[in-house]
Structures are given as structure tokens and as C-alpha cells.
file run_34.cif (mmCIF, C-alpha atoms)
data_entry
loop_
_atom_site.label_atom_id
_atom_site.label_comp_id
_atom_site.auth_asym_id
_atom_site.auth_seq_id
_atom_site.Cartn_x
_atom_site.Cartn_y
_atom_site.Cartn_z
CA MET A 2 100.66 219.03 18.67
CA THR A 3 97.45 217.12 19.39
CA THR A 4 96.17 216.89 22.95
CA VAL A 5 95.13 213.35 23.87
CA TYR A 6 92.35 212.90 26.42
CA ASN A 7 93.47 211.00 29.51
CA PRO A 8 90.78 210.38 32.16
CA SER A 9 93.40 210.34 34.92
CA ASN A 10 94.27 214.02 34.30
CA LYS A 11 93.69 216.43 37.20
CA PHE A 12 93.00 219.92 35.81
CA GLU A 13 91.85 222.93 37.77
CA ILE A 14 88.49 224.06 36.39
CA LYS A 15 86.67 227.33 35.91
CA THR A 16 82.88 227.27 36.18
CA TRP A 17 80.43 229.93 35.04
CA GLU A 18 76.88 230.36 33.82
CA VAL A 19 75.59 231.96 30.66
CA GLU A 20 72.14 232.59 29.23
CA PHE A 21 71.41 229.72 26.88
CA ARG A 22 67.96 230.31 25.42
CA GLN A 23 64.86 232.40 26.09
CA THR A 24 61.50 230.61 26.15
CA ALA A 25 57.98 231.93 26.74
CA LYS A 26 58.15 230.72 30.37
CA ARG A 27 61.74 231.44 31.47
CA THR A 28 65.36 231.99 30.57
CA LEU A 29 67.24 228.73 30.14
CA MET A 30 70.80 228.80 31.44
CA ALA A 31 73.95 226.82 30.66
CA ARG A 32 76.68 226.02 33.16
CA VAL A 33 80.16 225.65 31.68
CA TYR A 34 82.91 223.63 33.37
CA GLN A 35 86.18 224.47 31.63
CA PRO A 36 89.52 222.76 32.34
CA GLN A 37 92.31 225.29 32.78
CA GLY A 38 95.29 224.41 30.63
CA ALA A 39 96.47 223.94 27.10
CA GLY A 40 93.67 222.60 24.95
CA PRO A 41 91.94 221.87 22.80
CA PHE A 42 89.59 219.85 25.01
CA PRO A 43 86.84 217.46 23.91
CA VAL A 44 83.32 218.64 24.77
CA LEU A 45 80.49 216.90 26.60
CA LEU A 46 76.91 218.26 26.45
CA ASP A 47 75.09 217.29 29.66
CA LEU A 48 71.32 216.89 29.32
CA HIS A 49 69.97 216.43 32.85
CA GLY A 50 67.52 213.74 33.90
CA GLY A 51 64.20 214.43 35.57
CA ALA A 52 61.85 212.72 33.10
CA TRP A 53 61.35 216.11 31.37
CA ASN A 54 59.41 217.23 34.48
CA ASN A 55 62.00 218.49 36.96
CA LYS A 56 65.69 219.17 37.60
CA ASP A 57 67.97 221.61 35.83
CA ARG A 58 71.58 222.18 34.69
CA THR A 59 72.85 221.67 38.25
CA ALA A 60 71.47 218.12 38.63
CA ASN A 61 74.74 216.41 37.68
CA TRP A 62 77.19 218.99 39.03
CA LEU A 63 79.38 216.46 40.85
CA MET A 64 79.78 214.32 37.73
CA ASP A 65 80.25 217.41 35.53
CA GLU A 66 83.04 218.75 37.76
CA SER A 67 84.75 215.36 37.84
CA VAL A 68 84.63 214.96 34.06
CA ALA A 69 85.92 218.53 33.56
CA ARG A 70 88.82 217.91 35.95
CA SER A 71 89.79 214.97 33.76
CA GLY A 72 90.21 217.29 30.76
CA MET A 73 86.83 217.54 29.09
CA LEU A 74 84.90 220.79 28.63
CA VAL A 75 81.39 220.18 29.97
CA VAL A 76 78.32 222.27 29.14
CA ALA A 77 75.21 221.46 31.20
CA ILE A 78 72.02 223.06 29.88
CA ASP A 79 68.54 223.66 31.20
CA LEU A 80 65.72 222.04 29.26
CA THR A 81 62.10 223.09 28.97
CA ARG A 82 60.08 220.94 31.39
CA ALA A 83 56.91 219.15 30.33
CA PRO A 84 54.62 221.36 32.48
CA GLU A 85 56.06 224.46 30.74
CA ALA A 86 55.54 223.37 27.13
CA PRO A 87 54.50 220.20 25.28
CA TYR A 88 56.78 217.86 23.35
CA PRO A 89 59.02 218.53 21.41
CA ALA A 90 60.10 221.71 23.28
CA SER A 91 62.75 219.94 25.39
CA VAL A 92 64.11 218.09 22.37
CA GLN A 93 64.39 221.41 20.54
CA ASP A 94 66.40 222.79 23.49
CA ALA A 95 68.76 219.81 23.28
CA ASN A 96 69.14 220.30 19.52
CA TYR A 97 69.86 224.00 20.04
CA GLY A 98 72.47 223.13 22.67
CA LEU A 99 74.20 220.69 20.37
CA ARG A 100 74.51 223.31 17.66
#
call {"tool": "encode", "arguments": {"input": "run_34.cif", "output": "C-alpha cells"}}
result
Amino acid sequence: MTTVYNPSNKFEIKTWEVEFRQTAKRTLMARVYQPQGAGPFPVLLDLHGGAWNNKDRTANWLMDESVARSGMLVVAIDLTRAPEAPYPASVQDANYGLR
């Protein structure tokens, strides 16, 4: 049986954090928002805003929770900020997260 995504779903969610990647400056973390129920669930990778200079995986928590409650597994990751390392460090983090 295939599960069909329906944005009007109202799942309970479980949220936790896990180490995502180690950089020279800090440990990057990922926050996972997992719908509780029979899956499989589609996945959304959340790359926060902040113009590569600020913010972290918690920047879009309200949206991430809402999307997860609708039946999508959401993974929000930290990205290396511009003051920590030059381009393309943050893009490499995003690529790593996608894999």
C-alpha cells in the first residue's frame, strides 16, 4: 500500500537533534521532525535563511513543525556561516545534508 501525502493530515510528531557534521569551527547539528504513524513519509531538507551569516537549524521551527504534522519528515540542518569559512563551505554542508 502506498501512502499518499495529504497536507490536511494532523500527525503527532517526534523531534530530536543529532550531530550532522564536524567542521574546524564547530559541530553542525540537524533537527529532525518525524511524523508518528505508518509511513513512508516524503522528506523535506530545510536549509535556513540568514544570508549565510547568521541563524541556524531552529530558524524555521514553526514552519518545520507544521509541515511535519502534515505528514512530511523534515530535517533542518545547520550550515557553516560566512564568518566561519569562505564559500563554498555552506554549499558543501547543504550537499552533504542532501546525501
call {"tool": "residues_around", "arguments": {"input": "run_34.cif", "residues": "Arg27 (chain A)", "least_positions_apart": "5", "cutoff": "12 Å", "atoms": "all atoms listed in the file", "output": "compact mmCIF listing (two decimals) with C-alpha atoms, keeping the file's coordinate frame"}}
result
# COMPACT_ATOMS: atom_id res chain seq x y z
CA GLU A 20 72.14 232.59 29.23
CA PHE A 21 71.41 229.72 26.88
CA ARG A 22 67.96 230.31 25.42
CA ASP A 79 68.54 223.66 31.20
CA LEU A 80 65.72 222.04 29.26
CA THR A 81 62.10 223.09 28.97
CA ARG A 82 60.08 220.94 31.39
CA GLU A 85 56.06 224.46 30.74
CA ALA A 86 55.54 223.37 27.13
call {"tool": "resolve_selection", "arguments": {"input": "run_34.cif", "expression": "the PyMOL selection byres ((chain A and resi 36-49) around 10)", "output": "JSON, numbers by chain"}}
result
{"A": [3, 4, 5, 6, 11, 12, 13, 14, 15, 16, 31, 32, 33, 34, 35, 50, 51, 52, 53, 55, 56, 57, 58, 59, 60, 61, 62, 64, 65, 66, 68, 69, 70, 71, 72, 73, 74, 75, 76, 77, 78, 79, 80, 91, 94, 95, 98, 99]}
call {"tool": "atom_distance", "arguments": {"input": "run_34.cif", "atom1": "CA of Ala90 (chain A)", "atom2": "CA of Trp17 (chain A)"}}
result
24.9 Å
call {"tool": "atom_distance", "arguments": {"input": "run_34.cif", "atom1": "CA of Ala83 (chain A)", "atom2": "CA of Arg100 (chain A)"}}
result
22.1 Å
call {"tool": "atom_distance", "arguments": {"input": "run_34.cif", "atom1": "CA of Ser67 (chain A)", "atom2": "CA of Asn96 (chain A)"}}
result
24.6 Å
call {"tool": "decode", "arguments": {"input": "run_34.cif", "residues": "chain A", "atoms": "C-alpha atoms", "output": "PDB file, in the first residue's frame"}}
result
ATOM      1  CA  MET A   2       0.000   0.000   0.000  1.00  0.00           C
ATOM      2  CA  THR A   3       1.342   3.425  -0.937  1.00  0.00           C
ATOM      3  CA  THR A   4       0.920   6.329   1.465  1.00  0.00           C
ATOM      4  CA  VAL A   5      -0.317   9.469  -0.284  1.00  0.00           C
ATOM      5  CA  TYR A   6       0.709  12.844   1.130  1.00  0.00           C
ATOM      6  CA  ASN A   7      -2.244  14.957   2.213  1.00  0.00           C
ATOM      7  CA  PRO A   8      -1.399  18.426   3.593  1.00  0.00           C
ATOM      8  CA  SER A   9      -4.526  18.402   5.768  1.00  0.00           C
ATOM      9  CA  ASN A  10      -3.203  15.449   7.828  1.00  0.00           C
ATOM     10  CA  LYS A  11      -2.671  16.068  11.556  1.00  0.00           C
ATOM     11  CA  PHE A  12       0.084  13.744  12.822  1.00  0.00           C
ATOM     12  CA  GLU A  13       1.719  13.848  16.220  1.00  0.00           C
ATOM     13  CA  ILE A  14       5.437  14.481  15.755  1.00  0.00           C
ATOM     14  CA  LYS A  15       8.640  13.470  17.478  1.00  0.00           C
ATOM     15  CA  THR A  16      11.517  15.963  17.416  1.00  0.00           C
ATOM     16  CA  TRP A  17      15.164  15.310  18.205  1.00  0.00           C
ATOM     17  CA  GLU A  18      18.638  16.548  17.373  1.00  0.00           C
ATOM     18  CA  VAL A  19      21.614  14.669  16.033  1.00  0.00           C
ATOM     19  CA  GLU A  20      25.184  15.612  15.190  1.00  0.00           C
ATOM     20  CA  PHE A  21      25.252  16.348  11.482  1.00  0.00           C
ATOM     21  CA  ARG A  22      28.813  17.299  10.594  1.00  0.00           C
ATOM     22  CA  GLN A  23      32.029  18.386  12.299  1.00  0.00           C
ATOM     23  CA  THR A  24      33.803  21.472  10.946  1.00  0.00           C
ATOM     24  CA  ALA A  25      37.007  23.194  12.054  1.00  0.00           C
ATOM     25  CA  LYS A  26      34.936  25.802  13.944  1.00  0.00           C
ATOM     26  CA  ARG A  27      32.026  23.826  15.455  1.00  0.00           C
ATOM     27  CA  THR A  28      29.764  20.814  15.373  1.00  0.00           C
ATOM     28  CA  LEU A  29      26.857  21.273  12.980  1.00  0.00           C
ATOM     29  CA  MET A  30      23.590  19.792  14.202  1.00  0.00           C
ATOM     30  CA  ALA A  31      20.430  18.560  12.486  1.00  0.00           C
ATOM     31  CA  ARG A  32      16.944  18.748  13.967  1.00  0.00           C
ATOM     32  CA  VAL A  33      14.564  16.007  12.833  1.00  0.00           C
ATOM     33  CA  TYR A  34      10.775  16.422  12.890  1.00  0.00           C
ATOM     34  CA  GLN A  35       9.238  12.990  12.368  1.00  0.00           C
ATOM     35  CA  PRO A  36       5.509  12.319  11.947  1.00  0.00           C
ATOM     36  CA  GLN A  37       4.362   9.441  14.137  1.00  0.00           C
ATOM     37  CA  GLY A  38       2.376   6.926  12.135  1.00  0.00           C
ATOM     38  CA  ALA A  39       2.530   4.496   9.279  1.00  0.00           C
ATOM     39  CA  GLY A  40       4.908   5.749   6.617  1.00  0.00           C
ATOM     40  CA  PRO A  41       6.726   6.017   4.435  1.00  0.00           C
ATOM     41  CA  PHE A  42       6.786   9.810   4.575  1.00  0.00           C
ATOM     42  CA  PRO A  43       8.215  12.217   1.992  1.00  0.00           C
ATOM     43  CA  VAL A  44      11.250  14.173   3.211  1.00  0.00           C
ATOM     44  CA  LEU A  45      11.969  17.904   3.231  1.00  0.00           C
ATOM     45  CA  LEU A  46      15.513  19.225   3.822  1.00  0.00           C
ATOM     46  CA  ASP A  47      15.284  22.676   5.435  1.00  0.00           C
ATOM     47  CA  LEU A  48      18.214  24.999   4.691  1.00  0.00           C
ATOM     48  CA  HIS A  49      17.740  28.057   6.909  1.00  0.00           C
ATOM     49  CA  GLY A  50      17.985  31.645   5.739  1.00  0.00           C
ATOM     50  CA  GLY A  51      20.323  34.214   7.243  1.00  0.00           C
ATOM     51  CA  ALA A  52      22.280  35.221   4.129  1.00  0.00           C
ATOM     52  CA  TRP A  53      24.953  32.651   5.085  1.00  0.00           C
ATOM     53  CA  ASN A  54      25.872  34.937   8.021  1.00  0.00           C
ATOM     54  CA  ASN A  55      23.508  34.046  10.854  1.00  0.00           C
ATOM     55  CA  LYS A  56      20.675  31.771  12.010  1.00  0.00           C
ATOM     56  CA  ASP A  57      20.711  28.017  12.467  1.00  0.00           C
ATOM     57  CA  ARG A  58      18.554  24.872  12.224  1.00  0.00           C
ATOM     58  CA  THR A  59      15.968  26.374  14.587  1.00  0.00           C
ATOM     59  CA  ALA A  60      15.210  29.427  12.405  1.00  0.00           C
ATOM     60  CA  ASN A  61      12.141  27.869  10.757  1.00  0.00           C
ATOM     61  CA  TRP A  62      10.956  25.681  13.635  1.00  0.00           C
ATOM     62  CA  LEU A  63       7.319  26.794  13.416  1.00  0.00           C
ATOM     63  CA  MET A  64       7.124  26.009   9.701  1.00  0.00           C
ATOM     64  CA  ASP A  65       9.069  22.753  10.170  1.00  0.00           C
ATOM     65  CA  GLU A  66       6.677  21.548  12.883  1.00  0.00           C
ATOM     66  CA  SER A  67       3.654  22.463  10.779  1.00  0.00           C
ATOM     67  CA  VAL A  68       4.967  20.645   7.706  1.00  0.00           C
ATOM     68  CA  ALA A  69       5.860  17.579   9.800  1.00  0.00           C
ATOM     69  CA  ARG A  70       2.373  17.496  11.332  1.00  0.00           C
ATOM     70  CA  SER A  71       1.001  17.330   7.795  1.00  0.00           C
ATOM     71  CA  GLY A  72       2.910  14.094   7.155  1.00  0.00           C
ATOM     72  CA  MET A  73       6.332  15.071   5.884  1.00  0.00           C
ATOM     73  CA  LEU A  74       9.598  14.160   7.607  1.00  0.00           C
ATOM     74  CA  VAL A  75      11.589  17.389   7.979  1.00  0.00           C
ATOM     75  CA  VAL A  76      15.338  17.615   8.585  1.00  0.00           C
ATOM     76  CA  ALA A  77      16.640  21.112   9.376  1.00  0.00           C
ATOM     77  CA  ILE A  78      20.429  21.411   9.274  1.00  0.00           C
ATOM     78  CA  ASP A  79      22.981  23.936  10.450  1.00  0.00           C
ATOM     79  CA  LEU A  80      25.151  25.467   7.759  1.00  0.00           C
ATOM     80  CA  THR A  81      28.635  26.921   8.032  1.00  0.00           C
ATOM     81  CA  ARG A  82      28.298  30.709   8.261  1.00  0.00           C
ATOM     82  CA  ALA A  83      30.336  33.057   6.086  1.00  0.00           C
ATOM     83  CA  PRO A  84      32.413  34.404   9.017  1.00  0.00           C
ATOM     84  CA  GLU A  85      33.419  30.804   9.894  1.00  0.00           C
ATOM     85  CA  ALA A  86      34.651  29.722   6.462  1.00  0.00           C
ATOM     86  CA  PRO A  87      34.634  31.103   2.910  1.00  0.00           C
ATOM     87  CA  TYR A  88      32.423  29.956   0.046  1.00  0.00           C
ATOM     88  CA  PRO A  89      31.698  27.134  -0.803  1.00  0.00           C
ATOM     89  CA  ALA A  90      31.674  25.732   2.776  1.00  0.00           C
ATOM     90  CA  SER A  91      27.938  26.295   3.315  1.00  0.00           C
ATOM     91  CA  VAL A  92      27.095  24.819  -0.079  1.00  0.00           C
ATOM     92  CA  GLN A  93      29.162  21.753   0.805  1.00  0.00           C
ATOM     93  CA  ASP A  94      27.140  21.404   4.031  1.00  0.00           C
ATOM     94  CA  ALA A  95      23.901  21.532   2.020  1.00  0.00           C
ATOM     95  CA  ASN A  96      25.242  18.924  -0.412  1.00  0.00           C
ATOM     96  CA  TYR A  97      26.273  16.690   2.497  1.00  0.00           C
ATOM     97  CA  GLY A  98      22.799  17.067   4.021  1.00  0.00           C
ATOM     98  CA  LEU A  99      21.112  16.102   0.788  1.00  0.00           C
ATOM     99  CA  ARG A 100      23.144  12.920   0.552  1.00  0.00           C
TER     100      ARG A 100
END
